[in-house]
Structure formats: C-alpha cells, structure tokens
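The next block holds one structure in the form of structure tokens; read it before the comments.
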Amino acid sequence: MRTTARLFTGTALTVAAIGALAAPAAYANNDNDFQSLEVYPSSASPGTEVTVNTLACGKHGHGVGDANSLGAGEFQLNPSTHKEVVVGQFRVPEHVKAGTYGISVACDNGKTARGDLTVKHRGPSGHVQTGVGGSVGPDAAQVTAGAAVLAAAAVGGVWLLRRRASGAQGH
C-alpha cells in the first residue's frame with residue numbers, strides 16, 4: 001500500500017512541477033507588439049483556402065501576411081466588417097508536405113501576430129480494394145476475443161499488485 005501511495009505522490013508532484021515551470025513560459029511573450037493570429041481552418045489539406053484574422057493591426061489597419069514557410073508567399077490583410085479585425089486569405093500549395101507551419105502578419109502600425117497551420121494530406125476515401133474481402137462491420141468473435149484478452153490482463157495486473165503489496169515473493 002505504501003508503494004502505491006508513493007507512486008501517486010510522486011506523480012502528483014511531477015505534474016505540479018511541470019505546471020509551475022510551464023506557466024511563466026506561457027506569459028513570456030506577452031508584450032504589446034505581439035498578438036495572436038487566428039487561422040481557419042487550423043488544419044487544412046493542400047489546395048484548401050485558409051483565412052487568417054487578427055486584432056493586432058487595429059481599427060482600419062492593414063497588414064502583410066507571410067505564408068512563405070509553406071510556400072504560399074505573402075498575402076494582404078484588410079479591415080473586415082468586424083470592428084478592429086483585419087482579414088486575409090491564402091491557398092495551401094498542392095506540393096506542401098504534411099506538418100505544422102508558422103504564419104505571421106506584420107501590421108502597418110508596427111505590431112505583429114503569429115499563428116500555426118497544420119497541413120494534413122487527404123487519405124483514401126471509401127472502401128480500399130485490397131483483394132482479400134472486406135470488413136463491413138465488427139466481427140463478434142474478434143470483439144469477444146479482444147474483450148477476453150483485456151479482462152485477463154486486468155485480472156493479472158490486479159493479482160500482481162496485490163501480491164507485491166502483501167509482501168509475498170515467489171521463486
């Protein structure tokens with residue numbers, strides 16, 4: 001029982017320490033010249049048109065967006081119908097590789113904004129023709145076998161923990 005308590009205490013202290021170290025980092029770049037850039041959709045496939053907007057440029061402001069990291073070049077941001085929001089668009093190039101890319105904006109008032117775009121490639125859609133039949137639905141025998149394996153693992157784990165907790169040792 002003491003081992004379990006030590007395990008939970010150690011885990012809780014580790015989580016608390018990581019949280020304490022991460023909190024200052026979240027506020028480290030919190031100066032007045034840097035603001036967030038909303039990217040929609042935040043995850044896109046090649047060929048998708050992406051819209052970005054920010055409050056960094058101010059009322060009636062303008063800016064130049066930079067999507068060079070993924071090969072989309074620069075784009076203009078102009079005032080939108082929403083108060084103090086500027087909006088711009090670009091298209092994700094067909095040749096871009098999957099990954100996360102930084103998109104930034106330099107406003108005419110000197111402020112900047114930054115956001116991320118995740119590019120994902122489209123996978124096959126529909127049923128894949130493999131030549132070995134198909135799987136239309138779950139097989140009851142496979143589901144039952146999987147559940148039995150999970151139950152056996154759980155019972156074995158509980159047995160092992162109880163045996164260790166009681167101090168029994170086998171040779």
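In the structure tokens, the first chain shown is A, the next is B, and so on; residue numbers restart at 1 for each chain, and ligands run from 1 in the order shown.
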Counting only C-alpha atoms, what is within 7 Å of Gly115 (chain A), bar same-chain residues fewer than 3 positions away, as a PyMOL selection string? chain A and resi 36-39+102-104
Please identify all polymer residues within 12 Å of Asn68 (chain A), counting only C-alpha atoms, omitting same-chain residues fewer than 5 positions from it, and present them as a PyMOL selection string. chain A and resi 73-75+90-93+96+101-105
Kindly save the residues from that selection, with N, CA, C and O atoms included, as a PDB file, in the first residue's frame.
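Once everything was written out, this is again.pdb:
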```
ATOM      1  N   GLY A  73       3.682  32.140 -50.076  1.00  0.00           N
ATOM      2  CA  GLY A  73       4.048  33.531 -50.312  1.00  0.00           C
ATOM      3  C   GLY A  73       3.410  34.507 -49.348  1.00  0.00           C
ATOM      4  O   GLY A  73       2.977  34.152 -48.259  1.00  0.00           O
ATOM      5  N   GLU A  74       3.346  35.771 -49.792  1.00  0.00           N
ATOM      6  CA  GLU A  74       2.757  36.835 -48.983  1.00  0.00           C
ATOM      7  C   GLU A  74       1.318  37.086 -49.419  1.00  0.00           C
ATOM      8  O   GLU A  74       0.942  36.789 -50.557  1.00  0.00           O
ATOM      9  N   PHE A  75       0.528  37.646 -48.509  1.00  0.00           N
ATOM     10  CA  PHE A  75      -0.866  37.984 -48.792  1.00  0.00           C
ATOM     11  C   PHE A  75      -1.238  39.231 -48.004  1.00  0.00           C
ATOM     12  O   PHE A  75      -0.600  39.553 -47.000  1.00  0.00           O
ATOM     13  N   PHE A  90      -5.091  32.940 -48.096  1.00  0.00           N
ATOM     14  CA  PHE A  90      -4.115  32.331 -48.994  1.00  0.00           C
ATOM     15  C   PHE A  90      -4.514  30.885 -49.223  1.00  0.00           C
ATOM     16  O   PHE A  90      -5.317  30.329 -48.481  1.00  0.00           O
ATOM     17  N   ARG A  91      -3.972  30.283 -50.266  1.00  0.00           N
ATOM     18  CA  ARG A  91      -4.273  28.891 -50.598  1.00  0.00           C
ATOM     19  C   ARG A  91      -3.058  28.026 -50.271  1.00  0.00           C
ATOM     20  O   ARG A  91      -1.926  28.380 -50.591  1.00  0.00           O
ATOM     21  N   VAL A  92      -3.303  26.869 -49.621  1.00  0.00           N
ATOM     22  CA  VAL A  92      -2.236  25.927 -49.305  1.00  0.00           C
ATOM     23  C   VAL A  92      -1.773  25.286 -50.614  1.00  0.00           C
ATOM     24  O   VAL A  92      -2.583  24.716 -51.339  1.00  0.00           O
ATOM     25  N   PRO A  93      -0.475  25.401 -50.948  1.00  0.00           N
ATOM     26  CA  PRO A  93       0.016  24.834 -52.205  1.00  0.00           C
ATOM     27  C   PRO A  93      -0.157  23.307 -52.261  1.00  0.00           C
ATOM     28  O   PRO A  93      -0.105  22.630 -51.238  1.00  0.00           O
ATOM     29  N   VAL A  96       2.942  21.059 -50.849  1.00  0.00           N
ATOM     30  CA  VAL A  96       3.432  21.183 -49.475  1.00  0.00           C
ATOM     31  C   VAL A  96       3.341  19.841 -48.739  1.00  0.00           C
ATOM     32  O   VAL A  96       2.414  19.065 -48.938  1.00  0.00           O
ATOM     33  N   TYR A 101       3.118  24.666 -39.761  1.00  0.00           N
ATOM     34  CA  TYR A 101       3.813  25.809 -40.340  1.00  0.00           C
ATOM     35  C   TYR A 101       3.386  27.089 -39.634  1.00  0.00           C
ATOM     36  O   TYR A 101       2.199  27.288 -39.356  1.00  0.00           O
ATOM     37  N   GLY A 102       4.360  27.958 -39.373  1.00  0.00           N
ATOM     38  CA  GLY A 102       4.080  29.248 -38.753  1.00  0.00           C
ATOM     39  C   GLY A 102       3.648  30.267 -39.794  1.00  0.00           C
ATOM     40  O   GLY A 102       4.261  30.397 -40.847  1.00  0.00           O
ATOM     41  N   ILE A 103       2.556  30.972 -39.501  1.00  0.00           N
ATOM     42  CA  ILE A 103       2.045  32.038 -40.357  1.00  0.00           C
ATOM     43  C   ILE A 103       2.160  33.325 -39.543  1.00  0.00           C
ATOM     44  O   ILE A 103       1.766  33.364 -38.382  1.00  0.00           O
ATOM     45  N   SER A 104       2.690  34.385 -40.150  1.00  0.00           N
ATOM     46  CA  SER A 104       2.844  35.632 -39.405  1.00  0.00           C
ATOM     47  C   SER A 104       2.277  36.802 -40.194  1.00  0.00           C
ATOM     48  O   SER A 104       2.068  36.714 -41.402  1.00  0.00           O
ATOM     49  N   VAL A 105       2.026  37.894 -39.469  1.00  0.00           N
ATOM     50  CA  VAL A 105       1.491  39.113 -40.066  1.00  0.00           C
ATOM     51  C   VAL A 105       2.282  40.295 -39.503  1.00  0.00           C
ATOM     52  O   VAL A 105       2.522  40.369 -38.295  1.00  0.00           O
TER      53      VAL A 105
END
```
So, counting only C-alpha atoms, which residue among A:Lys97, A:Leu150, A:Arg162, A:His121 is closest to Gly71 (chain A)?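 Result for the nearest residue to Gly71 (chain A): A:Lys97.
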Of A:Leu161, A:Val64, A:Leu77, A:Val119, the one nearest to Pro46 (chain A) when counting only C-alpha atoms is A:Val119
Closest to Ser45 (chain A) among A:Leu70, A:Ala151, A:Ala113, A:Ser166, using only C-alpha atoms? A:Leu70
If we count only C-alpha atoms and set the cut-off at 6 Å, which residues sit around Asn78 (chain A), ignoring sequence neighbours fewer than 4 positions away in its own chain? Please answer as a ChimeraX atom specification. /A:62,86-87
Considering only C-alpha atoms, return as a PyMOL selection string whatever protein or nucleic-acid residues lie within 7 Å of Cys57 (chain A), sequence-local ones (same chain, fewer than 5 positions apart) excluded. chain A and resi 62-63+86+107-109+111
What lies within 8 Å of Tyr40 (chain A) using only C-alpha atoms, ignoring chain neighbours under 3 positions off, as number ranges by chain? A: 43, 50-52
Since we have the selection now, will you write its residues out, keeping C-alpha atoms, as a short mmCIF file (atom, residue, chain, number, x, y, z; two decimals), in the first residue's frame?
```
data_model
loop_
_atom_site.label_atom_id
_atom_site.label_comp_id
_atom_site.auth_asym_id
_atom_site.auth_seq_id
_atom_site.Cartn_x
_atom_site.Cartn_y
_atom_site.Cartn_z
CA SER A 43 -5.80 22.10 -40.05
CA VAL A 50 -7.13 29.46 -45.45
CA THR A 51 -8.45 32.62 -43.78
CA VAL A 52 -6.49 34.47 -41.10
#
```
For Glu84 (chain A), which of A:His60, A:Arg114, A:Arg163, A:Arg122 is the closest residue, counting only C-alpha atoms?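 Of A:His60, A:Arg114, A:Arg163, A:Arg122, the one nearest Glu84 (chain A), counting only C-alpha atoms, is A:His60.
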I need the helix (DSSP H, G or I) residues of region 60-145 of chain A per DSSP on the backbone, written as an NGL selection string. :A and (68-70 or 140-145)
Writer output for current selection, C-alpha atoms, as a PDB file, in the first residue's frame:
```pdb
ATOM      1  CA  ASN A  68       6.395  31.532 -47.087  1.00  0.00           C
ATOM      2  CA  SER A  69       7.115  28.730 -44.602  1.00  0.00           C
ATOM      3  CA  LEU A  70       4.755  26.510 -46.585  1.00  0.00           C
ATOM      4  CA  ALA A 140     -18.449 -10.644 -32.954  1.00  0.00           C
ATOM      5  CA  ALA A 141     -15.807 -13.351 -32.414  1.00  0.00           C
ATOM      6  CA  GLN A 142     -12.948 -10.834 -32.671  1.00  0.00           C
ATOM      7  CA  VAL A 143     -14.676  -8.387 -30.316  1.00  0.00           C
ATOM      8  CA  THR A 144     -15.259 -11.175 -27.763  1.00  0.00           C
ATOM      9  CA  ALA A 145     -11.661 -12.389 -28.026  1.00  0.00           C
TER      10      ALA A 145
END
```
